[in-house]
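Here the structure is laid out as structure tokens; the discussion comes afterwards.
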Amino acid sequence: MHVPKRQIFRESALQHYIRNREKDVLLRILPVPMAVFLWVLLSILLMAGLFAWNERIPTYTSGAGIVQESTGGNSIGVVFLPAGPTTSVQVGESVQVRIGANGPQIQGNVMEVVSDIMSPDNTRKQFQLKGTNSHLVTQPSLILLVRFHTTILAKIYAGSSLSAQLEVGSQRILSQLPWIGQLIGN
């Protein structure tokens, strides 16, 4: 006896199977939430890199000095900045000054810039630096006269040593990183 040839699968099921095999298969290595997280992380890193590329931070130079009496019983600061090729100071620039080792920290502005760089001997003679103040100047210096924003009485502070910080420029944040700073410069 002859048994009719019967298919064990329906025709529609076979068609569905063939259609699915013909479709392009996308390889899924990561789950979708993980992929979204990594894209967000990459975009945050790129934005941080752009910020670090464009943002600049100030650079400072520091110098020592003394407090001297000016007219009216008030005081001015005489600051001795180390002379160098990058030492460029303009009248009106802001200066942070600390009088003595533990004294008050005050703000001031550059009132005058002595045009010539002076040798240590000439500086000591002109500003009468004697005793412990004579060691404030150890190299050729650019001299600044600083007017304080707050009143500093000369009878209390005249002759006191001071330390000053002056903003002289800026540089990119990325230039602070080793190797990258050499590649990108300022």
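FYI, nothing fancy with the structure tokens labels: chains A, B, ... in order, residues from 1 per chain, ligands from 1 as they appear.
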
With a cut-off of 6 Å, could you pull out the residues of stretch 41-78 of chain A touching stretch 163-170 of chain A and give me the nearest pair of atoms for each, distance in Å to one decimal, using only C-alpha atoms, ordered by chain and ascending number, as a Markdown table?
| residue | atom | partner | partner_atom | distance |
| --- | --- | --- | --- | --- |
| A:Arg56 | CA | A:Ser170 | CA | 5.9 |
| A:Ile57 | CA | A:Ser170 | CA | 5.3 |
| A:Pro58 | CA | A:Ser170 | CA | 4.1 |
| A:Thr59 | CA | A:Ser170 | CA | 5.1 |
| A:Tyr60 | CA | A:Glu167 | CA | 4.3 |
| A:Thr61 | CA | A:Leu166 | CA | 5.5 |
| A:Ser62 | CA | A:Gln165 | CA | 4.4 |
| A:Gly63 | CA | A:Ala164 | CA | 5.3 |
| A:Ala64 | CA | A:Ser163 | CA | 4.5 |

Let's have the selection written as a PDB file, in the first residue's frame, with C-alpha atoms.
ATOM      1  CA  ARG A  56      42.197  78.814  30.190  1.00  0.00           C
ATOM      2  CA  ILE A  57      43.562  79.094  33.724  1.00  0.00           C
ATOM      3  CA  PRO A  58      45.590  82.045  35.008  1.00  0.00           C
ATOM      4  CA  THR A  59      49.325  81.837  35.582  1.00  0.00           C
ATOM      5  CA  TYR A  60      50.946  83.830  38.354  1.00  0.00           C
ATOM      6  CA  THR A  61      54.367  85.115  39.209  1.00  0.00           C
ATOM      7  CA  SER A  62      55.384  85.905  42.729  1.00  0.00           C
ATOM      8  CA  GLY A  63      57.778  88.342  44.240  1.00  0.00           C
ATOM      9  CA  ALA A  64      58.924  89.692  47.557  1.00  0.00           C
TER      10      ALA A  64
END

(request) Find the residues around stretch 68-81 of chain A up to 10 Å (only C-alpha atoms counted), leave out those fewer than 4 positions away in its own chain, and share them as a PyMOL selection string. (result) chain A and resi 61-64+87+89+95+97+99+108-113+117-118+120+123+127+136-148+150-166

(request) From the DSSP assignment of the backbone, select every residue of stretch 123-185 of chain A that is strand (DSSP E or B), and format the answer as a ChimeraX atom specification. (result) /A:141-148,153,161-172

Would you list, as a compact mmCIF listing (two decimals) with C-alpha atoms, in the first residue's frame, the residues of stretch 8-185 of chain A that end up in helix (DSSP H, G or I) under DSSP run on this structure's backbone?
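Writing done, so here's states_33.txt:
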# COMPACT_ATOMS: atom_id res chain seq x y z
CA GLU A 11 2.87 25.82 4.38
CA SER A 12 2.56 29.19 6.20
CA ALA A 13 5.02 28.09 8.86
CA LEU A 14 7.57 27.16 6.20
CA GLN A 15 7.13 30.51 4.44
CA HIS A 16 7.64 32.37 7.72
CA TYR A 17 10.77 30.35 8.42
CA ILE A 18 12.23 31.08 4.97
CA ARG A 19 11.48 34.81 5.24
CA ASN A 20 13.23 35.06 8.60
CA ARG A 21 16.31 33.29 7.26
CA GLU A 22 16.56 35.74 4.36
CA VAL A 32 20.70 48.03 24.33
CA PRO A 33 20.85 49.81 27.74
CA MET A 34 24.62 49.21 27.91
CA ALA A 35 25.13 50.60 24.39
CA VAL A 36 23.11 53.73 25.25
CA PHE A 37 25.14 54.20 28.43
CA LEU A 38 28.43 53.94 26.51
CA TRP A 39 27.29 56.49 23.90
CA VAL A 40 26.27 58.92 26.64
CA LEU A 41 29.62 58.39 28.37
CA LEU A 42 31.51 59.01 25.12
CA SER A 43 29.58 62.25 24.49
CA ILE A 44 30.30 63.48 28.05
CA LEU A 45 34.01 62.77 27.58
CA LEU A 46 34.04 64.64 24.27
CA MET A 47 32.31 67.65 25.85
CA ALA A 48 34.79 67.63 28.75
CA GLY A 49 37.66 67.50 26.26
CA LEU A 50 36.27 70.48 24.34
CA PHE A 51 35.86 72.40 27.58
CA ALA A 52 39.43 71.60 28.64
CA TRP A 53 40.70 72.61 25.19
CA ASN A 54 38.99 76.01 25.23
CA THR A 71 51.77 110.54 51.60
CA GLY A 72 49.11 110.93 54.27
CA GLY A 73 50.48 108.29 56.61
CA PRO A 120 70.32 93.70 43.37
CA ASP A 121 72.91 96.25 44.60
CA ASN A 122 71.15 99.25 43.02
CA THR A 123 67.78 98.04 44.35
CA ARG A 124 69.13 97.71 47.90
CA LYS A 125 70.62 101.23 47.72
CA GLN A 126 67.58 102.93 46.22
CA GLY A 131 69.21 93.87 57.73
CA THR A 132 66.79 91.07 56.99
CA ASN A 133 65.13 93.03 54.16
CA SER A 134 68.41 93.09 52.21
CA HIS A 135 67.87 89.41 51.38
CA LEU A 136 64.60 90.14 49.57
CA ALA A 154 52.59 103.16 57.81
CA LYS A 155 53.36 103.61 61.51
CA ILE A 156 52.43 99.94 62.06
CA TYR A 157 53.60 98.21 58.87
CA ILE A 173 43.95 73.41 31.05
CA LEU A 174 45.19 70.62 28.79
CA SER A 175 48.69 72.09 28.77
CA GLN A 176 48.98 71.02 32.44
CA ILE A 180 49.91 66.78 25.98
CA GLY A 181 51.16 70.17 27.17
CA GLN A 182 54.28 69.79 25.05
CA LEU A 183 52.19 68.89 21.99
CA ILE A 184 49.60 71.67 22.14

(message) Taking only C-alpha atoms into account, name the residue in A:Pro31, A:Ala101, A:Gly92, A:Ala83 that is nearest to A:Ser119.
(response)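 Distance minimum relative to A:Ser119 lands on A:Ala83.
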
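Going from atom CA of A:Ser94 to atom CA of A:Pro82 covers 17.5 Å.
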
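Counting from atom CA of A:Val114, the distance to atom CA of A:Val91 is 10.3 Å.
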
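Going from atom CA of A:Ser88 to atom CA of A:Ser115 covers 10.8 Å.
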